[in-house]
Each structure stands twice: as C-alpha cells, then as structure tokens.
$ cat query_36.tsv   # TSV, N, CA and C atoms
chain	number	residue	atom	x	y	z
A	1	MET	N	7.08	-5.85	-9.89
A	1	MET	CA	6.29	-4.69	-9.57
A	1	MET	C	5.78	-4.81	-8.14
A	2	ILE	N	5.79	-3.70	-7.44
A	2	ILE	CA	5.24	-3.64	-6.09
A	2	ILE	C	3.82	-3.10	-6.17
A	3	SER	N	2.91	-3.75	-5.48
A	3	SER	CA	1.51	-3.34	-5.48
A	3	SER	C	1.07	-3.07	-4.04
A	4	PHE	N	0.25	-2.05	-3.88
A	4	PHE	CA	-0.33	-1.73	-2.58
A	4	PHE	C	-1.75	-2.28	-2.45
A	5	GLN	N	-2.14	-3.19	-3.31
A	5	GLN	CA	-3.47	-3.77	-3.22
A	5	GLN	C	-3.73	-4.42	-1.86
A	6	PRO	N	-2.75	-5.12	-1.26
A	6	PRO	CA	-3.01	-5.68	0.07
A	6	PRO	C	-3.38	-4.60	1.11
A	7	LEU	N	-2.81	-3.40	0.97
A	7	LEU	CA	-3.16	-2.32	1.89
A	7	LEU	C	-4.62	-1.96	1.75
A	8	GLN	N	-5.10	-1.88	0.52
A	8	GLN	CA	-6.51	-1.55	0.32
A	8	GLN	C	-7.42	-2.60	0.94
A	9	ILE	N	-7.03	-3.85	0.82
A	9	ILE	CA	-7.81	-4.94	1.44
A	9	ILE	C	-7.74	-4.83	2.96
A	10	THR	N	-6.56	-4.53	3.50
A	10	THR	CA	-6.40	-4.37	4.94
A	10	THR	C	-7.27	-3.23	5.46
A	11	LEU	N	-7.31	-2.13	4.74
A	11	LEU	CA	-8.14	-0.99	5.16
A	11	LEU	C	-9.62	-1.37	5.17
A	12	ILE	N	-10.04	-2.13	4.18
A	12	ILE	CA	-11.44	-2.57	4.14
A	12	ILE	C	-11.74	-3.47	5.34
A	13	LYS	N	-10.85	-4.42	5.61
A	13	LYS	CA	-11.05	-5.34	6.75
A	13	LYS	C	-11.12	-4.58	8.07
A	14	LYS	N	-10.31	-3.52	8.20
A	14	LYS	CA	-10.26	-2.75	9.43
A	14	LYS	C	-11.28	-1.61	9.43
A	15	LYS	N	-12.07	-1.53	8.35
A	15	LYS	CA	-13.11	-0.51	8.21
A	15	LYS	C	-12.55	0.91	8.35
A	16	ILE	N	-11.44	1.15	7.65
A	16	ILE	CA	-10.79	2.45	7.64
A	16	ILE	C	-10.89	3.01	6.23
A	17	SER	N	-11.49	4.19	6.10
A	17	SER	CA	-11.59	4.81	4.78
A	17	SER	C	-10.23	5.37	4.37
A	18	LYS	N	-10.10	5.68	3.10
A	18	LYS	CA	-8.84	6.24	2.61
A	18	LYS	C	-8.55	7.57	3.29
A	19	MET	N	-9.55	8.40	3.49
A	19	MET	CA	-9.35	9.69	4.15
A	19	MET	C	-8.96	9.50	5.62
A	20	GLU	N	-9.60	8.55	6.30
A	20	GLU	CA	-9.22	8.25	7.69
A	20	GLU	C	-7.78	7.75	7.75
A	21	PHE	N	-7.40	6.93	6.77
A	21	PHE	CA	-6.04	6.41	6.70
A	21	PHE	C	-5.03	7.55	6.54
A	22	ILE	N	-5.33	8.49	5.66
A	22	ILE	CA	-4.43	9.63	5.44
A	22	ILE	C	-4.25	10.42	6.73
A	23	LYS	N	-5.34	10.64	7.44
A	23	LYS	CA	-5.26	11.39	8.70
A	23	LYS	C	-4.53	10.58	9.77
A	24	LEU	N	-4.84	9.31	9.87
A	24	LEU	CA	-4.22	8.43	10.87
A	24	LEU	C	-2.71	8.37	10.67
A	25	MET	N	-2.28	8.29	9.42
A	25	MET	CA	-0.86	8.17	9.11
A	25	MET	C	-0.16	9.52	9.04
A	26	ASN	N	-0.94	10.57	9.00
A	26	ASN	CA	-0.40	11.94	8.86
A	26	ASN	C	0.49	12.03	7.61
A	27	ILE	N	-0.06	11.53	6.50
A	27	ILE	CA	0.65	11.61	5.23
A	27	ILE	C	-0.10	12.58	4.31
A	28	SER	N	0.59	13.05	3.32
A	28	SER	CA	-0.03	13.97	2.37
A	28	SER	C	-0.92	13.20	1.40
A	29	PRO	N	-1.95	13.86	0.88
A	29	PRO	CA	-2.78	13.20	-0.14
A	29	PRO	C	-1.96	12.77	-1.36
A	30	SER	N	-0.89	13.50	-1.68
A	30	SER	CA	-0.07	13.10	-2.83
A	30	SER	C	0.69	11.80	-2.54
A	31	THR	N	1.12	11.59	-1.31
A	31	THR	CA	1.78	10.33	-0.95
A	31	THR	C	0.78	9.18	-1.04
A	32	ALA	N	-0.43	9.42	-0.54
A	32	ALA	CA	-1.47	8.39	-0.63
A	32	ALA	C	-1.78	8.07	-2.09
A	33	ALA	N	-1.85	9.10	-2.93
A	33	ALA	CA	-2.13	8.88	-4.35
A	33	ALA	C	-1.04	8.03	-4.99
A	34	LYS	N	0.20	8.22	-4.58
A	34	LYS	CA	1.29	7.39	-5.10
A	34	LYS	C	1.06	5.92	-4.75
A	35	MET	N	0.58	5.69	-3.53
A	35	MET	CA	0.32	4.29	-3.13
A	35	MET	C	-0.79	3.70	-3.99
A	36	TRP	N	-1.85	4.45	-4.22
A	36	TRP	CA	-2.98	3.91	-5.00
A	36	TRP	C	-2.58	3.67	-6.45
A	37	ARG	N	-1.51	4.37	-6.91
A	37	ARG	CA	-1.00	4.16	-8.28
A	37	ARG	C	0.19	3.20	-8.30
A	38	ASN	N	0.49	2.57	-7.17
A	38	ASN	CA	1.60	1.62	-7.04
A	38	ASN	C	2.94	2.25	-7.39
A	39	GLU	N	3.13	3.48	-6.97
A	39	GLU	CA	4.39	4.18	-7.20
A	39	GLU	C	5.25	4.11	-5.93
A	40	TYR	N	6.52	4.50	-6.08
A	40	TYR	CA	7.46	4.44	-4.98
A	40	TYR	C	7.06	5.38	-3.83
A	41	ILE	N	7.15	4.86	-2.61
A	41	ILE	CA	7.11	5.68	-1.40
A	41	ILE	C	8.23	5.19	-0.50
A	42	ALA	N	8.63	6.00	0.43
A	42	ALA	CA	9.74	5.67	1.32
A	42	ALA	C	9.42	4.44	2.18
A	43	MET	N	10.43	3.63	2.42
A	43	MET	CA	10.27	2.45	3.28
A	43	MET	C	9.84	2.86	4.69
A	44	LYS	N	10.26	4.02	5.13
A	44	LYS	CA	9.87	4.52	6.45
A	44	LYS	C	8.35	4.62	6.55
A	45	ILE	N	7.70	5.07	5.49
A	45	ILE	CA	6.24	5.18	5.50
A	45	ILE	C	5.61	3.80	5.58
A	46	ILE	N	6.16	2.84	4.83
A	46	ILE	CA	5.64	1.47	4.88
A	46	ILE	C	5.81	0.90	6.29
A	47	ASP	N	6.96	1.15	6.91
A	47	ASP	CA	7.20	0.71	8.28
A	47	ASP	C	6.19	1.35	9.23
A	48	ASP	N	5.94	2.64	9.07
A	48	ASP	CA	4.96	3.34	9.92
A	48	ASP	C	3.56	2.76	9.74
A	49	ILE	N	3.22	2.41	8.52
A	49	ILE	CA	1.90	1.82	8.26
A	49	ILE	C	1.77	0.50	9.01
A	50	CYS	N	2.79	-0.36	8.90
A	50	CYS	CA	2.75	-1.66	9.60
A	50	CYS	C	2.61	-1.46	11.11
A	51	ASN	N	3.36	-0.51	11.65
A	51	ASN	CA	3.29	-0.26	13.09
A	51	ASN	C	1.93	0.28	13.50
A	52	LYS	N	1.44	1.26	12.78
A	52	LYS	CA	0.18	1.92	13.15
A	52	LYS	C	-1.02	0.99	12.99
A	53	LEU	N	-1.03	0.20	11.91
A	53	LEU	CA	-2.15	-0.70	11.66
A	53	LEU	C	-1.97	-2.07	12.33
A	54	GLU	N	-0.80	-2.25	12.99
A	54	GLU	CA	-0.48	-3.51	13.65
A	54	GLU	C	-0.66	-4.68	12.70
A	55	CYS	N	0.04	-4.58	11.57
A	55	CYS	CA	-0.06	-5.63	10.55
A	55	CYS	C	1.33	-5.96	10.01
A	56	ASN	N	1.38	-6.96	9.17
A	56	ASN	CA	2.63	-7.40	8.56
A	56	ASN	C	2.85	-6.70	7.22
A	57	LEU	N	4.07	-6.76	6.75
A	57	LEU	CA	4.42	-6.17	5.47
A	57	LEU	C	3.53	-6.72	4.35
A	58	THR	N	3.21	-8.01	4.41
A	58	THR	CA	2.37	-8.63	3.37
A	58	THR	C	0.93	-8.14	3.42
A	59	ASP	N	0.55	-7.44	4.48
A	59	ASP	CA	-0.78	-6.83	4.56
A	59	ASP	C	-0.77	-5.43	3.94
A	60	VAL	N	0.41	-4.99	3.50
A	60	VAL	CA	0.55	-3.64	2.95
A	60	VAL	C	0.97	-3.67	1.49
A	61	ILE	N	1.97	-4.50	1.17
A	61	ILE	CA	2.46	-4.57	-0.20
A	61	ILE	C	2.63	-6.02	-0.64
A	62	GLU	N	2.68	-6.18	-1.97
A	62	GLU	CA	3.00	-7.49	-2.54
A	62	GLU	C	3.88	-7.27	-3.76
A	63	HIS	N	4.66	-8.28	-4.08
A	63	HIS	CA	5.56	-8.21	-5.23
A	63	HIS	C	5.12	-9.19	-6.30
A	64	THR	N	5.07	-8.69	-7.54
A	64	THR	CA	4.81	-9.54	-8.69
A	64	THR	C	6.04	-9.45	-9.60
A	65	PRO	N	6.70	-10.57	-9.88
A	65	PRO	CA	7.87	-10.51	-10.74
A	65	PRO	C	7.55	-9.89	-12.10
A	66	ASP	N	8.47	-9.11	-12.62
A	66	ASP	CA	8.26	-8.44	-13.90
A	66	ASP	C	8.01	-9.42	-15.04
A	67	ASP	N	8.67	-10.58	-15.00
A	67	ASP	CA	8.49	-11.53	-16.10
A	67	ASP	C	7.05	-12.06	-16.15
A	68	LYS	N	6.38	-12.16	-15.00
A	68	LYS	CA	4.98	-12.58	-15.00
A	68	LYS	C	4.12	-11.50	-15.65
A	69	LEU	N	4.45	-10.23	-15.39
A	69	LEU	CA	3.70	-9.15	-16.00
A	69	LEU	C	3.88	-9.17	-17.51
A	70	ASN	N	5.10	-9.40	-17.96
A	70	ASN	CA	5.35	-9.43	-19.41
A	70	ASN	C	4.63	-10.58	-20.08
A	71	GLN	N	4.56	-11.74	-19.43
A	71	GLN	CA	3.89	-12.91	-20.00
A	71	GLN	C	2.39	-12.66	-20.11
A	72	SER	N	1.80	-11.98	-19.12
A	72	SER	CA	0.36	-11.78	-19.13
A	72	SER	C	-0.07	-10.75	-20.16
A	73	THR	N	0.86	-9.90	-20.63
A	73	THR	CA	0.50	-8.90	-21.62
A	73	THR	C	0.77	-9.35	-23.04
A	74	GLN	N	1.34	-10.54	-23.19
A	74	GLN	CA	1.64	-11.03	-24.55
A	74	GLN	C	0.50	-11.83	-25.11

$ encode --input "query_36.tsv" --output "structure tokens"
Amino acid sequence: MISFQPLQITLIKKKISKMEFIKLMNISPSTAAKMWRNEYIAMKIIDDICNKLECNLTDVIEHTPDDKLNQSTQ
C-alpha cells in the first residue's frame, strides 16, 4: 500500500496548510482528497510535489507491503 502520510508530516514541518498546499501545487481539491485517502494520483503530480517542495520522494510517499497489512489485521 502507498501512503501519503510522509507528505502530511512534510507539510507540517514546512508550516504549509492543506489549503496552501492545494494552491501552491495548483491541484484540484478532489486530487488532494485522493492523497489524504491514500488513493492513486499520477506520478507527474508526485514529481511536481517533490520539485515544488524541494524534497525527496520519501518525504511524500511511503510503501507498506501488503503482507504486513494482512498480518496486522489478523
């Protein structure tokens, strides 16, 4: 599973609100909502986020193997 939790932490560290982030990135609120729900967004948007925020991919997304998720729910 891909999670955007690192992005939320990055925004807090950079003191950028979610609304400021949406305006800064010029993305739709529905695209932002997808990120907060850990849903698919285009890689181009992730690349733009890294460039605009001057951060690494790991500051935006993280991967958790599916088998770890299955083990934690059993």

$ closest_residue --input "query_36.tsv" --among "A:Thr31, A:Asp47, A:Leu7, A:Met1" --to "Ile61 of chain A" --atoms "only N, CA and C atoms"
A:Leu7

$ residues_around --input "query_36.tsv" --residues "segment 14-26 of chain A" --least-positions-apart "3" --cutoff "8 Å" --atoms "all atoms listed in the file" --output "PyMOL selection string"
chain A and resi 8-11+29+32+48-49+52

$ atom_distance --input "query_36.tsv" --atom1 "atom CA of Ile12 of chain A" --atom2 "atom C of Pro65 of chain A"
26.0 Å

$ atom_distance --input "query_36.tsv" --atom1 "atom C of Ser30 of chain A" --atom2 "atom C of Asp66 of chain A"
25.7 Å

$ atom_distance --input "query_36.tsv" --atom1 "atom CA of Tyr40 of chain A" --atom2 "atom C of Asp67 of chain A"
19.9 Å

$ residues_around --input "query_36.tsv" --residues "His63 of chain A" --least-positions-apart "5" --cutoff "8 Å" --atoms "only N, CA and C atoms" --output "PyMOL selection string"
chain A and resi 1-4+58

$ select_by_dssp --input "query_36.tsv" --residues "segment 3-67 of chain A" --states "alpha helix (DSSP H)" --output "PyMOL selection string"
chain A and resi 5-13+18-25+29-36+43-53+66-67

$ select_by_dssp --input "query_36.tsv" --residues "chain A" --states "strand (DSSP E)" --output "ChimeraX atom specification"
/A:2-3,62-63
